Amino acid sequence: MSSRVPVLLSSSSVFPEPTAAAFEMAATVGYDGVEVMVWTDAVSQDAGALQGLSEHYDVPVLSVHAPCLLVTQRVWSSDPWERLNRAAQLAESLGAPTVVVHPPFTWQRDYAKNFAPGLAKVQQRHPDLSFAIENMFPVKMAGRWFVPYTPGWDPTETGFDAYTLDISHCSASRIDALDMMQKMGSGLKHVHLGDGTGEGRDEHLVPGRGNQPCAEVLRSVAARGFTGSVALEVSTRKATSRPAREKDLRESLEFARRHLAPASSAAPAITRA
């Protein structure tokens, strides 16, 4: 690894390009691994295909994002427990230690009611995995704010063993990522690195282009002996070309490596393709 804390490329960061492109770009730019966002792309759901890509590009899969988005409510199954179980099986088959999970939507009443005890049962079946619950954000529609998650967008209010800190979501929630990291405490197992301007929407900007304390979070993570990983989750959908997308991903990786590096040493240079 190029740094003590591995820096991953989320496959969502290459959208609208497919999952396979994430492995290619991770290898080209120099990421330590990939986080697979399980979504409607069939490759993202297929352990064999993902293993083949991992071996071909020599890039490991180090986290799996369960299909929790609105657009992935029918991936694998309409049953959220089945989707979570399949995500755990996928992570185990790929050797990925982390599964990223969103809190339940408010309309998933049975799932929400049994989420904590059900998650504990899944954890018992997969003791070597961390099921890291991600902080979300309120949503504004028709001029009004509402929270589409139960019991809320902040998982620390309920309390779980493992968390994913999403910095862009902190911005959308108009809170400071350092404060959320403090609330997560020793349960912090994974970080989604992306910036925001605090305009109340999920922006997933290249780190350093917003006003969240991205650098401070990374330095704190490195100083505390963090044993998880940092996944770059930025939006490049407006990139006009593959080189433009790779430029944003390279800038993001350089930012992460620079601020994760020990204070006594400089971050290693990234080989230009």
# chains A, B, ... in the order shown; residues from 1 in each chain; ligands from 1
call {"tool": "residues_around", "arguments": {"residues": "region 247-255 of chain A", "least_positions_apart": "4", "cutoff": "9 Å", "atoms": "only C-alpha atoms", "output": "ChimeraX atom specification"}}
result
/A:7-9,13-14,25-26,29-31,193-194,206-208,215,232,234,236,239,242-243,259-260,267-270
call {"tool": "select_by_dssp", "arguments": {"residues": "region 57-250 of chain A", "states": "helix (DSSP H, G or I)", "output": "ChimeraX atom specification"}}
result
/A:57,70-72,80-94,109-113,115-125,155-157,167-172,177-187,214-223,242-250
call {"tool": "atom_distance", "arguments": {"atom1": "CA of Ser130 (chain A)", "atom2": "CA of Thr98 (chain A)"}}
result
4.8 Å
call {"tool": "select_by_dssp", "arguments": {"residues": "region 47-121 of chain A", "states": "strand (DSSP E)", "output": "list in words"}}
result
Val61, Leu62, Ser63, Val64, His65, Thr98, Val99, Val100 and Val101 of chain A
call {"tool": "closest_residue", "arguments": {"among": "A:Gln51, A:Ser186, A:Ser78, A:Ser10", "to": "Val34 (chain A)", "atoms": "only C-alpha atoms"}}
result
A:Ser10
call {"tool": "residues_around", "arguments": {"residues": "region 141-158 of chain A", "least_positions_apart": "3", "cutoff": "6 Å", "atoms": "only C-alpha atoms", "output": "mmCIF file with C-alpha atoms, in the first residue's frame"}}
result
data_model
loop_
_atom_site.group_PDB
_atom_site.id
_atom_site.type_symbol
_atom_site.label_atom_id
_atom_site.label_comp_id
_atom_site.auth_asym_id
_atom_site.auth_seq_id
_atom_site.Cartn_x
_atom_site.Cartn_y
_atom_site.Cartn_z
ATOM 1 C CA PRO A 104 -33.824 2.131 6.475
ATOM 2 C CA PHE A 105 -36.185 4.351 4.496
ATOM 3 C CA THR A 106 -39.279 5.455 6.394
ATOM 4 C CA ASN A 135 -24.745 9.005 8.065
ATOM 5 C CA MET A 136 -27.329 10.387 5.653
ATOM 6 C CA PHE A 137 -29.110 13.780 5.374
ATOM 7 C CA PRO A 138 -32.520 15.469 5.289
#
call {"tool": "closest_residue", "arguments": {"among": "A:Ala47, A:Ala132, A:Ala231, A:Ala116", "to": "Ser12 (chain A)", "atoms": "only C-alpha atoms"}}
result
A:Ala231
call {"tool": "residues_around", "arguments": {"residues": "His192 (chain A)", "least_positions_apart": "5", "cutoff": "7 Å", "atoms": "only C-alpha atoms", "output": "count of residues only"}}
result
8
call {"tool": "residues_around", "arguments": {"residues": "Val101 (chain A)", "least_positions_apart": "5", "cutoff": "12 Å", "atoms": "only C-alpha atoms", "output": "VMD selection string"}}
result
chain A and resid 37 to 38 63 to 69 80 to 81 83 to 85 87 to 88 115 119 130 to 136 155 160 162 to 166 190
call {"tool": "write_last_selection", "arguments": {"atoms": "N, CA and C atoms", "output": "short mmCIF file (atom, residue, chain, number, x, y, z; two decimals), in the first residue's frame"}}
result
data_model
loop_
_atom_site.label_atom_id
_atom_site.label_comp_id
_atom_site.auth_asym_id
_atom_site.auth_seq_id
_atom_site.Cartn_x
_atom_site.Cartn_y
_atom_site.Cartn_z
N MET A 37 -19.98 -0.26 -5.59
CA MET A 37 -21.36 0.15 -5.36
C MET A 37 -22.25 -0.83 -6.11
N VAL A 38 -23.00 -1.63 -5.38
CA VAL A 38 -23.89 -2.59 -6.03
C VAL A 38 -25.11 -1.83 -6.54
N SER A 63 -14.16 -2.86 -0.11
CA SER A 63 -15.46 -2.59 0.52
C SER A 63 -16.56 -2.78 -0.52
N VAL A 64 -17.73 -3.13 -0.01
CA VAL A 64 -18.92 -3.31 -0.84
C VAL A 64 -20.03 -2.44 -0.29
N HIS A 65 -20.63 -1.63 -1.14
CA HIS A 65 -21.75 -0.78 -0.75
C HIS A 65 -23.03 -1.54 -1.10
N ALA A 66 -23.77 -1.94 -0.07
CA ALA A 66 -25.01 -2.68 -0.29
C ALA A 66 -25.99 -1.83 -1.12
N PRO A 67 -26.88 -2.48 -1.89
CA PRO A 67 -27.83 -1.73 -2.73
C PRO A 67 -28.95 -1.10 -1.89
N CYS A 68 -28.67 0.10 -1.38
CA CYS A 68 -29.60 0.81 -0.49
C CYS A 68 -30.23 2.04 -1.13
N LEU A 69 -29.82 2.38 -2.36
CA LEU A 69 -30.33 3.59 -3.00
C LEU A 69 -31.75 3.39 -3.52
N PRO A 80 -35.23 -6.04 1.55
CA PRO A 80 -33.97 -5.41 1.96
C PRO A 80 -33.05 -6.34 2.73
N TRP A 81 -33.61 -7.31 3.47
CA TRP A 81 -32.75 -8.27 4.18
C TRP A 81 -32.02 -9.18 3.20
N ARG A 83 -31.18 -8.34 0.18
CA ARG A 83 -30.14 -7.52 -0.44
C ARG A 83 -28.93 -7.40 0.49
N LEU A 84 -29.18 -7.21 1.78
CA LEU A 84 -28.07 -7.09 2.73
C LEU A 84 -27.30 -8.40 2.85
N ASN A 85 -28.02 -9.51 2.90
CA ASN A 85 -27.36 -10.81 2.97
C ASN A 85 -26.53 -11.07 1.72
N ALA A 87 -25.19 -8.82 -0.21
CA ALA A 87 -24.03 -7.92 -0.16
C ALA A 87 -22.95 -8.49 0.74
N ALA A 88 -23.36 -9.07 1.88
CA ALA A 88 -22.40 -9.69 2.79
C ALA A 88 -21.70 -10.88 2.12
N PHE A 115 -34.50 -3.41 12.35
CA PHE A 115 -33.19 -3.18 11.74
C PHE A 115 -32.04 -3.54 12.69
N LEU A 119 -29.79 -6.70 11.98
CA LEU A 119 -28.41 -6.45 11.61
C LEU A 119 -27.47 -7.27 12.51
N SER A 130 -17.35 -5.89 8.79
CA SER A 130 -17.88 -4.70 9.47
C SER A 130 -19.06 -4.18 8.65
N PHE A 131 -20.23 -4.10 9.27
CA PHE A 131 -21.40 -3.51 8.62
C PHE A 131 -21.48 -2.07 9.09
N ALA A 132 -20.93 -1.18 8.28
CA ALA A 132 -20.71 0.22 8.68
C ALA A 132 -21.88 1.09 8.23
N ILE A 133 -22.69 1.53 9.21
CA ILE A 133 -23.88 2.32 8.91
C ILE A 133 -23.49 3.76 8.58
N GLU A 134 -24.02 4.26 7.50
CA GLU A 134 -23.61 5.56 6.95
C GLU A 134 -24.53 6.69 7.41
N ASN A 135 -23.94 7.81 7.77
CA ASN A 135 -24.74 9.00 8.06
C ASN A 135 -25.35 9.55 6.78
N MET A 136 -26.63 9.90 6.84
CA MET A 136 -27.33 10.39 5.65
C MET A 136 -27.64 11.88 5.81
N PRO A 155 -27.09 7.94 12.29
CA PRO A 155 -27.13 6.62 12.93
C PRO A 155 -26.58 6.61 14.34
N PHE A 160 -24.68 2.12 16.80
CA PHE A 160 -24.29 0.88 16.13
C PHE A 160 -22.83 0.60 16.42
N ALA A 162 -20.53 -0.11 14.15
CA ALA A 162 -19.64 0.36 13.09
C ALA A 162 -20.33 1.42 12.25
N TYR A 163 -19.54 2.41 11.82
CA TYR A 163 -20.10 3.53 11.04
C TYR A 163 -19.23 3.82 9.81
N THR A 164 -19.90 4.38 8.79
CA THR A 164 -19.23 5.02 7.67
C THR A 164 -19.47 6.51 7.78
N LEU A 165 -18.41 7.29 7.83
CA LEU A 165 -18.52 8.75 7.84
C LEU A 165 -18.51 9.25 6.40
N ASP A 166 -19.65 9.81 5.96
CA ASP A 166 -19.73 10.39 4.62
C ASP A 166 -19.66 11.91 4.77
N HIS A 190 -14.98 3.33 8.39
CA HIS A 190 -14.87 3.59 6.96
C HIS A 190 -15.21 5.06 6.72
#
call {"tool": "atom_distance", "arguments": {"atom1": "CA of Ala112 (chain A)", "atom2": "CA of Gln73 (chain A)"}}
result
14.7 Å
call {"tool": "residues_around", "arguments": {"residues": "Asp195 (chain A)", "least_positions_apart": "4", "cutoff": "9 Å", "atoms": "only C-alpha atoms", "output": "PyMOL selection string"}}
result
chain A and resi 167-171+203-214+234
call {"tool": "residues_around", "arguments": {"residues": "Tyr57 (chain A)", "least_positions_apart": "2", "cutoff": "8 Å", "atoms": "only C-alpha atoms", "output": "PyMOL selection string"}}
result
chain A and resi 23-24+27+53-55+59
call {"tool": "atom_distance", "arguments": {"atom1": "CA of Gln45 (chain A)", "atom2": "CA of Leu70 (chain A)"}}
result
16.3 Å
call {"tool": "closest_residue", "arguments": {"among": "A:Val43, A:Gly196, A:Glu216, A:Ala96", "to": "Asp128 (chain A)", "atoms": "only C-alpha atoms"}}
result
A:Ala96
call {"tool": "decode", "arguments": {"residues": "region 171-194 of chain A", "atoms": "N, CA and C atoms", "output": "compact mmCIF listing (two decimals), in the first residue's frame"}}
result
# COMPACT_ATOMS: atom_id res chain seq x y z
N SER A 171 -22.12 17.72 4.83
CA SER A 171 -22.37 19.02 4.22
C SER A 171 -23.85 19.19 3.90
N ALA A 172 -24.47 18.15 3.33
CA ALA A 172 -25.89 18.22 2.99
C ALA A 172 -26.75 18.37 4.24
N SER A 173 -26.24 17.88 5.37
CA SER A 173 -26.95 17.99 6.65
C SER A 173 -26.61 19.30 7.37
N ARG A 174 -25.68 20.05 6.80
CA ARG A 174 -25.22 21.33 7.38
C ARG A 174 -24.62 21.13 8.76
N ILE A 175 -23.81 20.08 8.86
CA ILE A 175 -23.07 19.84 10.08
C ILE A 175 -21.59 19.70 9.73
N ASP A 176 -20.74 19.74 10.75
CA ASP A 176 -19.29 19.63 10.56
C ASP A 176 -18.88 18.17 10.64
N ALA A 177 -18.12 17.70 9.66
CA ALA A 177 -17.70 16.30 9.62
C ALA A 177 -16.86 15.92 10.83
N LEU A 178 -16.09 16.86 11.37
CA LEU A 178 -15.31 16.55 12.57
C LEU A 178 -16.22 16.25 13.76
N ASP A 179 -17.35 16.98 13.83
CA ASP A 179 -18.30 16.72 14.91
C ASP A 179 -18.93 15.33 14.75
N MET A 180 -19.28 14.97 13.52
CA MET A 180 -19.86 13.65 13.29
C MET A 180 -18.84 12.55 13.57
N MET A 181 -17.61 12.78 13.20
CA MET A 181 -16.56 11.81 13.48
C MET A 181 -16.40 11.61 14.98
N GLN A 182 -16.50 12.70 15.73
CA GLN A 182 -16.40 12.61 17.19
C GLN A 182 -17.54 11.77 17.75
N LYS A 183 -18.74 11.95 17.20
CA LYS A 183 -19.89 11.19 17.66
C LYS A 183 -19.74 9.71 17.34
N MET A 184 -19.14 9.40 16.21
CA MET A 184 -18.94 7.99 15.82
C MET A 184 -17.88 7.32 16.67
N GLY A 185 -16.91 8.08 17.15
CA GLY A 185 -15.90 7.56 18.07
C GLY A 185 -15.16 6.35 17.53
N SER A 186 -14.99 5.37 18.39
CA SER A 186 -14.24 4.17 18.01
C SER A 186 -15.01 3.29 17.02
N GLY A 187 -16.30 3.61 16.81
CA GLY A 187 -17.10 2.86 15.84
C GLY A 187 -16.81 3.24 14.40
N LEU A 188 -16.03 4.30 14.18
CA LEU A 188 -15.70 4.71 12.81
C LEU A 188 -14.83 3.64 12.15
N LYS A 189 -15.35 3.02 11.09
CA LYS A 189 -14.63 1.96 10.39
C LYS A 189 -14.32 2.30 8.93
N HIS A 190 -14.98 3.33 8.39
CA HIS A 190 -14.87 3.59 6.96
C HIS A 190 -15.21 5.06 6.72
N VAL A 191 -14.59 5.64 5.71
CA VAL A 191 -14.84 7.04 5.37
C VAL A 191 -15.16 7.16 3.89
N HIS A 192 -16.22 7.90 3.57
CA HIS A 192 -16.50 8.31 2.21
C HIS A 192 -16.01 9.74 2.05
N LEU A 193 -14.98 9.91 1.25
CA LEU A 193 -14.34 11.21 1.07
C LEU A 193 -14.96 11.94 -0.12
N GLY A 194 -15.53 13.08 0.16
CA GLY A 194 -16.14 13.95 -0.85
C GLY A 194 -16.49 15.24 -0.14
